[in-house]
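Structure file work-v2.cif (mmCIF, C-alpha atoms and all ligand atoms) is printed below.
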```cif
data_final
#
loop_
_atom_site.group_PDB
_atom_site.id
_atom_site.type_symbol
_atom_site.label_atom_id
_atom_site.label_comp_id
_atom_site.auth_asym_id
_atom_site.auth_seq_id
_atom_site.Cartn_x
_atom_site.Cartn_y
_atom_site.Cartn_z
ATOM 1 C CA MET A 1 224.365 127.365 316.995
ATOM 2 C CA ASN A 2 224.081 123.739 318.155
ATOM 3 C CA ASN A 3 226.834 122.781 315.734
ATOM 4 C CA LEU A 4 229.087 125.496 317.134
ATOM 5 C CA ASN A 5 228.484 124.331 320.718
ATOM 6 C CA GLU A 6 229.147 120.726 319.729
ATOM 7 C CA THR A 7 232.392 121.710 318.013
ATOM 8 C CA ILE A 8 233.618 123.711 321.030
ATOM 9 C CA SER A 9 232.639 120.872 323.350
ATOM 10 C CA ARG A 10 234.538 118.388 321.161
ATOM 11 C CA VAL A 11 237.666 120.569 321.205
ATOM 12 C CA LEU A 12 237.516 120.873 325.007
ATOM 13 C CA ASN A 13 237.091 117.087 325.343
ATOM 14 C CA ASP A 14 240.098 116.562 323.091
ATOM 15 C CA GLU A 15 242.050 118.929 325.306
ATOM 16 C CA ASN A 16 241.145 116.847 328.393
ATOM 17 C CA ASP A 17 242.213 113.660 326.598
ATOM 18 C CA VAL A 18 245.600 115.203 325.769
ATOM 19 C CA ARG A 19 246.103 116.304 329.381
ATOM 20 C CA ALA A 20 245.321 112.777 330.633
ATOM 21 C CA ALA A 21 247.628 111.150 328.089
ATOM 22 C CA THR A 22 250.601 113.455 328.789
ATOM 23 C CA ALA A 23 250.275 113.565 332.579
ATOM 24 C CA PRO A 24 252.723 110.637 333.234
ATOM 25 C CA TYR A 25 255.453 112.434 331.274
ATOM 26 C CA GLN A 26 254.928 115.868 332.764
ATOM 27 C CA ALA A 27 257.878 115.500 335.156
ATOM 28 C CA GLU A 28 260.316 114.471 332.405
ATOM 29 C CA PHE A 29 259.206 117.054 329.865
ATOM 30 C CA PRO A 30 257.837 120.001 331.797
ATOM 31 C CA TYR A 31 256.058 122.560 329.738
ATOM 32 C CA GLU A 32 253.152 124.925 330.307
ATOM 33 C CA ARG A 33 250.198 123.020 329.003
ATOM 34 C CA ASP A 34 247.765 125.751 330.174
ATOM 35 C CA GLU A 35 249.582 128.383 328.149
ATOM 36 C CA GLU A 36 249.737 126.183 325.089
ATOM 37 C CA ALA A 37 246.064 125.209 325.402
ATOM 38 C CA GLN A 38 245.102 128.864 325.794
ATOM 39 C CA VAL A 39 246.859 129.758 322.576
ATOM 40 C CA THR A 40 245.169 126.812 320.879
ATOM 41 C CA ARG A 41 241.724 127.952 322.028
ATOM 42 C CA ARG A 42 242.460 131.535 321.011
ATOM 43 C CA GLU A 43 243.623 130.389 317.609
ATOM 44 C CA PHE A 44 240.560 128.213 317.288
ATOM 45 C CA CYS A 45 238.260 131.139 318.138
ATOM 46 C CA ASN A 46 240.105 133.337 315.661
ATOM 47 C CA PHE A 47 239.675 130.642 313.040
ATOM 48 C CA LEU A 48 235.948 130.445 313.753
ATOM 49 C CA GLY A 49 235.631 134.224 313.594
ATOM 50 C CA LEU A 50 237.488 134.485 310.281
ATOM 51 C CA THR A 51 235.553 131.576 308.788
ATOM 52 C CA SER A 52 232.234 133.122 309.835
ATOM 53 C CA ALA A 53 233.229 136.476 308.371
ATOM 54 C CA ALA A 54 234.280 134.855 305.079
ATOM 55 C CA LEU A 55 231.003 132.916 304.868
ATOM 56 C CA PHE A 56 229.014 136.050 305.677
ATOM 57 C CA LEU A 57 230.792 138.102 303.000
ATOM 58 C CA GLY A 58 230.476 135.280 300.456
ATOM 59 C CA ALA A 59 226.759 134.899 301.108
ATOM 60 C CA GLY A 60 226.338 138.678 300.862
ATOM 61 C CA GLY A 61 228.075 138.689 297.472
ATOM 62 C CA PHE A 62 225.843 135.939 296.114
ATOM 63 C CA ALA A 63 222.726 137.682 297.448
ATOM 64 C CA ALA A 64 223.730 140.965 295.785
ATOM 65 C CA LYS A 65 224.386 139.250 292.442
ATOM 66 C CA ALA A 66 221.061 137.389 292.642
ATOM 67 C CA ALA A 67 219.268 140.672 293.339
ATOM 68 C CA ILE A 68 220.879 142.330 290.293
ATOM 69 C CA ASP A 69 220.056 139.344 288.052
ATOM 70 C CA ALA A 70 216.469 139.248 289.307
ATOM 71 C CA ARG A 71 216.072 142.954 288.551
ATOM 72 C CA ASN A 72 217.295 142.515 284.962
ATOM 73 C CA LEU A 73 215.592 139.248 284.073
ATOM 74 C CA GLU A 74 211.832 139.167 283.717
ATOM 75 C CA SER A 75 209.923 135.988 283.093
ATOM 76 C CA PHE A 76 206.734 136.043 281.045
ATOM 77 C CA SER A 77 204.414 133.392 279.724
ATOM 78 C CA PRO A 78 205.964 131.627 276.730
ATOM 79 C CA ALA A 79 204.456 132.675 273.403
ATOM 80 C CA GLN A 80 204.896 131.019 270.026
ATOM 81 C CA ILE A 81 206.283 133.349 267.359
ATOM 82 C CA SER A 82 204.086 132.663 264.384
ATOM 83 C CA GLY A 83 205.921 132.161 261.082
ATOM 84 C CA ALA A 84 209.373 131.979 262.687
ATOM 85 C CA GLU A 85 209.890 128.371 261.675
ATOM 86 C CA THR A 86 209.871 129.286 257.964
ATOM 87 C CA LEU A 87 211.967 132.433 258.323
ATOM 88 C CA ALA A 88 214.899 132.333 255.896
ATOM 89 C CA PRO A 89 218.427 132.883 257.231
ATOM 90 C CA ASN A 90 219.579 136.526 257.109
ATOM 91 C CA SER A 91 216.086 137.914 257.526
ATOM 92 C CA SER A 92 213.754 139.179 260.236
ATOM 93 C CA LEU A 93 210.202 139.088 261.460
ATOM 94 C CA ASN A 94 208.280 141.523 263.648
ATOM 95 C CA PHE A 95 206.179 140.271 266.540
ATOM 96 C CA ASN A 96 204.928 141.498 269.908
ATOM 97 C CA TYR A 97 206.137 140.263 273.291
ATOM 98 C CA PRO A 98 205.347 140.045 276.151
ATOM 99 C CA THR A 99 202.178 142.088 275.428
ATOM 100 C CA GLU A 100 200.562 143.322 272.228
ATOM 101 C CA ASN A 101 201.995 146.762 273.030
ATOM 102 C CA ASP A 102 205.611 145.576 273.140
ATOM 103 C CA SER A 103 206.987 145.474 269.629
ATOM 104 C CA ALA A 104 209.852 143.072 269.094
ATOM 105 C CA ILE A 105 211.989 141.794 266.268
ATOM 106 C CA LEU A 106 213.134 138.253 265.576
ATOM 107 C CA ILE A 107 216.333 137.856 263.566
ATOM 108 C CA ARG A 108 217.455 134.665 261.915
ATOM 109 C CA THR A 109 221.120 135.238 261.282
ATOM 110 C CA ALA A 110 222.970 133.788 258.297
ATOM 111 C CA ASP A 111 224.089 130.803 260.378
ATOM 112 C CA GLY A 112 220.429 129.856 260.982
ATOM 113 C CA ALA A 113 220.345 130.887 264.674
ATOM 114 C CA TYR A 114 217.407 132.835 266.118
ATOM 115 C CA HIS A 115 217.843 136.027 268.157
ATOM 116 C CA ALA A 116 215.112 138.371 269.344
ATOM 117 C CA TYR A 117 215.101 141.884 270.782
ATOM 118 C CA GLY A 118 212.774 144.597 271.916
ATOM 119 C CA GLN A 119 212.371 146.857 268.910
ATOM 120 C CA LYS A 120 212.851 150.149 270.760
ATOM 121 C CA CYS A 121 216.224 151.763 270.213
ATOM 122 C CA THR A 122 217.857 152.466 273.572
ATOM 123 C CA HIS A 123 218.639 156.034 272.516
ATOM 124 C CA LEU A 124 215.243 157.671 271.961
ATOM 125 C CA SER A 125 213.006 154.654 271.291
ATOM 126 C CA CYS A 126 212.808 154.712 267.480
ATOM 127 C CA PRO A 127 212.030 151.236 266.096
ATOM 128 C CA VAL A 128 215.121 149.411 264.891
ATOM 129 C CA TYR A 129 215.076 147.238 261.763
ATOM 130 C CA TYR A 130 217.261 144.462 260.390
ATOM 131 C CA SER A 131 219.576 145.397 257.526
ATOM 132 C CA ARG A 132 220.151 142.307 255.389
ATOM 133 C CA ASP A 133 222.945 144.055 253.511
ATOM 134 C CA HIS A 134 224.890 144.882 256.655
ATOM 135 C CA GLN A 135 223.585 141.940 258.718
ATOM 136 C CA ARG A 136 222.968 144.162 261.729
ATOM 137 C CA LEU A 137 220.140 146.051 263.399
ATOM 138 C CA GLU A 138 220.001 149.705 262.463
ATOM 139 C CA CYS A 139 218.153 152.699 263.847
ATOM 140 C CA PRO A 140 216.939 155.182 261.215
ATOM 141 C CA CYS A 141 216.690 158.158 263.577
ATOM 142 C CA HIS A 142 220.322 158.907 264.511
ATOM 143 C CA GLU A 143 222.268 156.170 262.725
ATOM 144 C CA GLY A 144 222.736 153.833 265.644
ATOM 145 C CA ALA A 145 223.544 150.173 264.962
ATOM 146 C CA PHE A 146 223.442 146.942 266.977
ATOM 147 C CA ASN A 147 225.014 143.508 266.630
ATOM 148 C CA ALA A 148 222.359 141.081 265.311
ATOM 149 C CA ALA A 149 223.689 138.130 267.327
ATOM 150 C CA THR A 150 224.092 139.891 270.681
ATOM 151 C CA GLY A 151 222.107 143.147 270.579
ATOM 152 C CA GLU A 152 225.196 145.106 271.636
ATOM 153 C CA VAL A 153 225.805 148.595 270.327
ATOM 154 C CA LEU A 154 228.094 148.704 267.290
ATOM 155 C CA TYR A 155 228.145 152.482 266.936
ATOM 156 C CA GLY A 156 226.055 155.615 267.251
ATOM 157 C CA PRO A 157 224.350 157.341 270.188
ATOM 158 C CA PRO A 158 222.483 154.387 271.823
ATOM 159 C CA PRO A 159 223.768 154.150 275.406
ATOM 160 C CA ARG A 160 223.205 150.418 275.886
ATOM 161 C CA ALA A 161 222.373 147.140 274.160
ATOM 162 C CA LEU A 162 218.862 146.301 273.027
ATOM 163 C CA ASP A 163 216.602 144.460 275.433
ATOM 164 C CA THR A 164 216.965 140.756 274.739
ATOM 165 C CA ILE A 165 214.058 138.370 274.308
ATOM 166 C CA ALA A 166 214.975 134.794 275.130
ATOM 167 C CA VAL A 167 213.833 132.345 272.450
ATOM 168 C CA GLU A 168 213.633 128.583 272.415
ATOM 169 C CA THR A 169 212.807 126.033 269.713
ATOM 170 C CA ARG A 170 210.179 123.450 270.694
ATOM 171 C CA ASP A 171 209.130 120.774 268.203
ATOM 172 C CA GLY A 172 210.255 122.943 265.312
ATOM 173 C CA GLN A 173 208.364 126.017 266.553
ATOM 174 C CA VAL A 174 210.096 129.119 267.925
ATOM 175 C CA TRP A 175 208.879 130.466 271.259
ATOM 176 C CA ALA A 176 209.616 133.661 273.173
ATOM 177 C CA ILE A 177 210.121 132.753 276.834
ATOM 178 C CA GLY A 178 211.408 135.849 278.658
ATOM 179 C CA ARG A 179 212.762 139.353 278.341
ATOM 180 C CA GLN A 180 215.963 140.807 279.731
ATOM 181 C CA THR A 181 217.082 144.403 280.060
ATOM 182 C CA SER A 182 220.813 144.691 279.477
ATOM 183 C CA GLY A 183 221.394 147.820 281.581
ATOM 184 C CA VAL A 184 224.923 147.939 280.168
ATOM 185 C CA GLU A 185 225.957 151.431 279.141
ATOM 186 C CA HIS A 186 227.662 151.749 275.762
ATOM 187 C CA GLY A 187 231.375 152.435 276.280
ATOM 188 C CA SER A 188 231.315 151.527 279.993
HETATM 189 S S1 LIG B 201 216.731 156.794 268.482
HETATM 190 FE FE1 LIG B 201 218.046 155.277 267.706
HETATM 191 S S2 LIG B 201 219.901 156.306 267.408
HETATM 192 FE FE2 LIG B 201 218.597 157.809 268.225
#
```

Let's see the structure in the file written out as structure tokens.
Ligand code: FES
Amino acid sequence: MNNLNETISRVLNDENDVRAATAPYQAEFPYERDEEAQVTRREFCNFLGLTSAALFLGAGGFAAKAAIDARNLESFSPAQISGAETLAPNSSLNFNYPTENDSAILIRTADGAYHAYGQKCTHLSCPVYYSRDHQRLECPCHEGAFNAATGEVLYGPPPRALDTIAVETRDGQVWAIGRQTSGVEHGS
């Protein structure tokens, strides 16, 4: 608020300076300074109003996005995935994260990259497995399939991608560091 008052005060001071500087020439070039100044002040107020509205809407947009991200992303204590460091490319390993009751699957794709997902199929919660032949995650219950590198639905009845478990390599060991629910409906 102080900034706003200072800005208005500065504009009014500028206006007084202009009046003082143009006073000697008023007789030669008569024009309605009051009218012009009024328009200038009105325009300035409009500018302030529009700027405030834009800032308010922008801040609202960022706040909404942050709220959505916070809802989808859950942080848990990092946990080392035992045996991951020796996992051969194009193979998988089962582990539990973030608790012993949350089954998860770590995939090492053919390019050597690690990807991890919650093991529950997003259709009716059957456990998915990694098919080395097809290099994708498959669900045995209703023939659903997921992309091994992204967790996205390839085909079948699952309505959304698998939950993603964020992994990180530290000193040659692979760690699970968080879990994210996609919330993205298949086909939407
Ligand atoms: S439970 Fe996986 S496709 Fe139905």

With 3 Å on each side, where is the centre of the axis-aligned box around all listed atoms of region 72-87 of chain A, and how long are its edges in Å to one decimal, as AutoDock Vina command-line options?
```
--center_x 210.7 --center_y 135.4 --center_z 271.5 --size_x 19.2 --size_y 20.1 --size_z 33.0
```

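Distances to Asn101 (chain A) were evaluated for A:Glu143, A:Leu137, A:Ala88, A:Gly118 using all atoms listed in the file, and the minimum falls at A:Gly118.
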
Quick check on the file I pasted: which residues fall under the PyMOL selection byres (((chain A and resi 131) around 12) and not hetatm)? Write them as a compact mmCIF listing (two decimals) with C-alpha atoms, keeping the file's coordinate frame.
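And here is the file that came out, result-v3.txt:
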```
# COMPACT_ATOMS: atom_id res chain seq x y z
CA ASN A 90 219.58 136.53 257.11
CA SER A 91 216.09 137.91 257.53
CA SER A 92 213.75 139.18 260.24
CA LEU A 93 210.20 139.09 261.46
CA ILE A 107 216.33 137.86 263.57
CA ARG A 108 217.46 134.66 261.92
CA THR A 109 221.12 135.24 261.28
CA VAL A 128 215.12 149.41 264.89
CA TYR A 129 215.08 147.24 261.76
CA TYR A 130 217.26 144.46 260.39
CA ARG A 132 220.15 142.31 255.39
CA ASP A 133 222.94 144.06 253.51
CA HIS A 134 224.89 144.88 256.65
CA GLN A 135 223.58 141.94 258.72
CA ARG A 136 222.97 144.16 261.73
CA LEU A 137 220.14 146.05 263.40
CA GLU A 138 220.00 149.71 262.46
CA CYS A 139 218.15 152.70 263.85
CA PRO A 140 216.94 155.18 261.21
CA ALA A 145 223.54 150.17 264.96
CA PHE A 146 223.44 146.94 266.98
CA ASN A 147 225.01 143.51 266.63
CA ALA A 148 222.36 141.08 265.31
```

Would you list the contacts of region 169-173 of chain A as a count of residues only, taking every protein, DNA or RNA residue within 8 Å and counting all atoms listed in the file, but skipping same-chain residues closer than 6 positions in sequence?
4

Please produce, as JSON lines, a per-residue contact table for chain A versus ligand LIG 201 (chain B) (criterion: any atom at most 7 Å away, only C-alpha atoms and all ligand atoms considered), showing the nearest atom pair and its distance in Å to one decimal, sorted by chain then residue number.
```
{"residue": "A:Cys121", "atom": "CA", "partner": "B:LIG201", "partner_atom": "FE1", "distance": 4.7}
{"residue": "A:Thr122", "atom": "CA", "partner": "B:LIG201", "partner_atom": "FE1", "distance": 6.5}
{"residue": "A:His123", "atom": "CA", "partner": "B:LIG201", "partner_atom": "S1", "distance": 4.5}
{"residue": "A:Leu124", "atom": "CA", "partner": "B:LIG201", "partner_atom": "S1", "distance": 3.9}
{"residue": "A:Ser125", "atom": "CA", "partner": "B:LIG201", "partner_atom": "S1", "distance": 5.1}
{"residue": "A:Cys126", "atom": "CA", "partner": "B:LIG201", "partner_atom": "S1", "distance": 4.6}
{"residue": "A:Cys139", "atom": "CA", "partner": "B:LIG201", "partner_atom": "FE1", "distance": 4.6}
{"residue": "A:Pro140", "atom": "CA", "partner": "B:LIG201", "partner_atom": "FE1", "distance": 6.6}
{"residue": "A:Cys141", "atom": "CA", "partner": "B:LIG201", "partner_atom": "FE2", "distance": 5.0}
{"residue": "A:His142", "atom": "CA", "partner": "B:LIG201", "partner_atom": "S2", "distance": 3.9}
{"residue": "A:Glu143", "atom": "CA", "partner": "B:LIG201", "partner_atom": "S2", "distance": 5.2}
{"residue": "A:Gly144", "atom": "CA", "partner": "B:LIG201", "partner_atom": "S2", "distance": 4.2}
{"residue": "A:Gly156", "atom": "CA", "partner": "B:LIG201", "partner_atom": "S2", "distance": 6.2}
{"residue": "A:Pro157", "atom": "CA", "partner": "B:LIG201", "partner_atom": "S2", "distance": 5.3}
{"residue": "A:Pro158", "atom": "CA", "partner": "B:LIG201", "partner_atom": "S2", "distance": 5.5}
```

So the first atom is CA of Ala166 (chain A) and the second is CA of Gly178 (chain A); what is the distance between them in Å, to one decimal place?
5.1 Å

d(CA of Leu154 (chain A), CA of Ser82 (chain A)) in Å
29.0 Å

Near Glu74 (chain A), counting all atoms listed in the file, which residues have an atom at most 12 Å away, once you skip same-chain residues fewer than 5 positions from it, shown as a PyMOL selection string?
chain A and resi 68-69+97-98+163-166+177-182

Let me see the file: selected residues, C-alpha atoms, as a JSON list (two decimals), in the coordinates of the input.
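See out_18.json below for the written result:
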```json
[["chain", "number", "residue", "atom", "x", "y", "z"],
["A", 68, "ILE", "CA", 220.88, 142.33, 290.29],
["A", 69, "ASP", "CA", 220.06, 139.34, 288.05],
["A", 97, "TYR", "CA", 206.14, 140.26, 273.29],
["A", 98, "PRO", "CA", 205.35, 140.04, 276.15],
["A", 163, "ASP", "CA", 216.60, 144.46, 275.43],
["A", 164, "THR", "CA", 216.96, 140.76, 274.74],
["A", 165, "ILE", "CA", 214.06, 138.37, 274.31],
["A", 166, "ALA", "CA", 214.98, 134.79, 275.13],
["A", 177, "ILE", "CA", 210.12, 132.75, 276.83],
["A", 178, "GLY", "CA", 211.41, 135.85, 278.66],
["A", 179, "ARG", "CA", 212.76, 139.35, 278.34],
["A", 180, "GLN", "CA", 215.96, 140.81, 279.73],
["A", 181, "THR", "CA", 217.08, 144.40, 280.06],
["A", 182, "SER", "CA", 220.81, 144.69, 279.48]]
```

What is the CA of Thr86 (chain A)-CA of Glu152 (chain A) distance in Å, reported with one decimal?
25.9 Å

Smallest atom-to-atom distance to Phe95 (chain A): which of A:Glu168, A:Gly83, A:Gly112, A:Ser77, using only C-alpha atoms?
A:Gly83

Any chance you could work out the residue set of the PyMOL selection byres (((chain A and resi 119) around 6) and not hetatm) here, as a PyMOL selection string?
chain A and resi 103-105+117-118+120+127-128

How would the residues just chosen look if you wrote them out with C-alpha atoms as a PDB file, in the frame of the given file?
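Writing done, so here's again.pdb:
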```
ATOM      1  CA  SER A 103     206.987 145.474 269.629  1.00  0.00           C
ATOM      2  CA  ALA A 104     209.852 143.072 269.094  1.00  0.00           C
ATOM      3  CA  ILE A 105     211.989 141.794 266.268  1.00  0.00           C
ATOM      4  CA  TYR A 117     215.101 141.884 270.782  1.00  0.00           C
ATOM      5  CA  GLY A 118     212.774 144.597 271.916  1.00  0.00           C
ATOM      6  CA  LYS A 120     212.851 150.149 270.760  1.00  0.00           C
ATOM      7  CA  PRO A 127     212.030 151.236 266.096  1.00  0.00           C
ATOM      8  CA  VAL A 128     215.121 149.411 264.891  1.00  0.00           C
TER       9      VAL A 128
END
```

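Closest approach to Pro78 (chain A) among A:Ala176, A:Val167, A:Val153, A:Ala116 is made by A:Ala176 (distances from all atoms listed in the file).
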
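Comparing the minimum interatomic distances between Leu162 (chain A) and each of A:Ala79, A:Val174, A:Ala110, A:Ala149, counting only C-alpha atoms, we find that A:Ala149 sits nearest.
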
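With all atoms listed in the file as the basis for measurement, A:Pro89 is the residue among A:Pro89, A:Asn94, A:Arg160, A:Asp102 that approaches Tyr114 (chain A) most closely.
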
Assuming the input is short of atoms at region 146-159 of chain A, produce N, CA, C and O atoms for that part as a CSV table (one decimal), in the frame of the given file.
```csv
chain,number,residue,atom,x,y,z
A,146,PHE,N,223.3,148.0,265.9
A,146,PHE,CA,223.4,146.9,267.0
A,146,PHE,C,223.8,145.6,266.3
A,146,PHE,O,223.4,145.3,265.2
A,147,ASN,N,224.6,144.8,267.1
A,147,ASN,CA,225.0,143.5,266.6
A,147,ASN,C,223.8,142.6,266.6
A,147,ASN,O,223.0,142.5,267.6
A,148,ALA,N,223.6,141.9,265.5
A,148,ALA,CA,222.4,141.1,265.3
A,148,ALA,C,222.4,139.8,266.2
A,148,ALA,O,221.4,139.3,266.6
A,149,ALA,N,223.6,139.4,266.5
A,149,ALA,CA,223.7,138.1,267.3
A,149,ALA,C,223.7,138.4,268.8
A,149,ALA,O,223.4,137.5,269.6
A,150,THR,N,224.0,139.6,269.2
A,150,THR,CA,224.1,139.9,270.7
A,150,THR,C,223.2,141.1,271.1
A,150,THR,O,222.9,141.2,272.3
A,151,GLY,N,222.9,141.9,270.2
A,151,GLY,CA,222.1,143.1,270.6
A,151,GLY,C,223.0,144.3,271.1
A,151,GLY,O,222.5,145.4,271.4
A,152,GLU,N,224.3,144.1,271.1
A,152,GLU,CA,225.2,145.1,271.6
A,152,GLU,C,225.4,146.2,270.6
A,152,GLU,O,225.2,146.0,269.4
A,153,VAL,N,225.6,147.4,271.2
A,153,VAL,CA,225.8,148.6,270.3
A,153,VAL,C,227.1,148.5,269.5
A,153,VAL,O,228.1,148.1,270.0
A,154,LEU,N,226.9,148.7,268.2
A,154,LEU,CA,228.1,148.7,267.3
A,154,LEU,C,228.6,150.1,267.2
A,154,LEU,O,229.8,150.3,267.2
A,155,TYR,N,227.7,151.1,267.0
A,155,TYR,CA,228.1,152.5,266.9
A,155,TYR,C,226.9,153.4,267.1
A,155,TYR,O,225.8,152.9,267.0
A,156,GLY,N,227.2,154.7,267.2
A,156,GLY,CA,226.1,155.6,267.3
A,156,GLY,C,225.7,156.0,268.7
A,156,GLY,O,226.4,155.6,269.6
A,157,PRO,N,224.7,156.8,268.9
A,157,PRO,CA,224.4,157.3,270.2
A,157,PRO,C,223.7,156.4,271.2
A,157,PRO,O,223.6,156.7,272.4
A,158,PRO,N,223.1,155.2,270.8
A,158,PRO,CA,222.5,154.4,271.8
A,158,PRO,C,223.4,154.1,273.0
A,158,PRO,O,224.6,153.7,272.8
A,159,PRO,N,222.9,154.3,274.2
A,159,PRO,CA,223.8,154.2,275.4
A,159,PRO,C,223.9,152.7,275.9
A,159,PRO,O,224.8,152.4,276.7
```
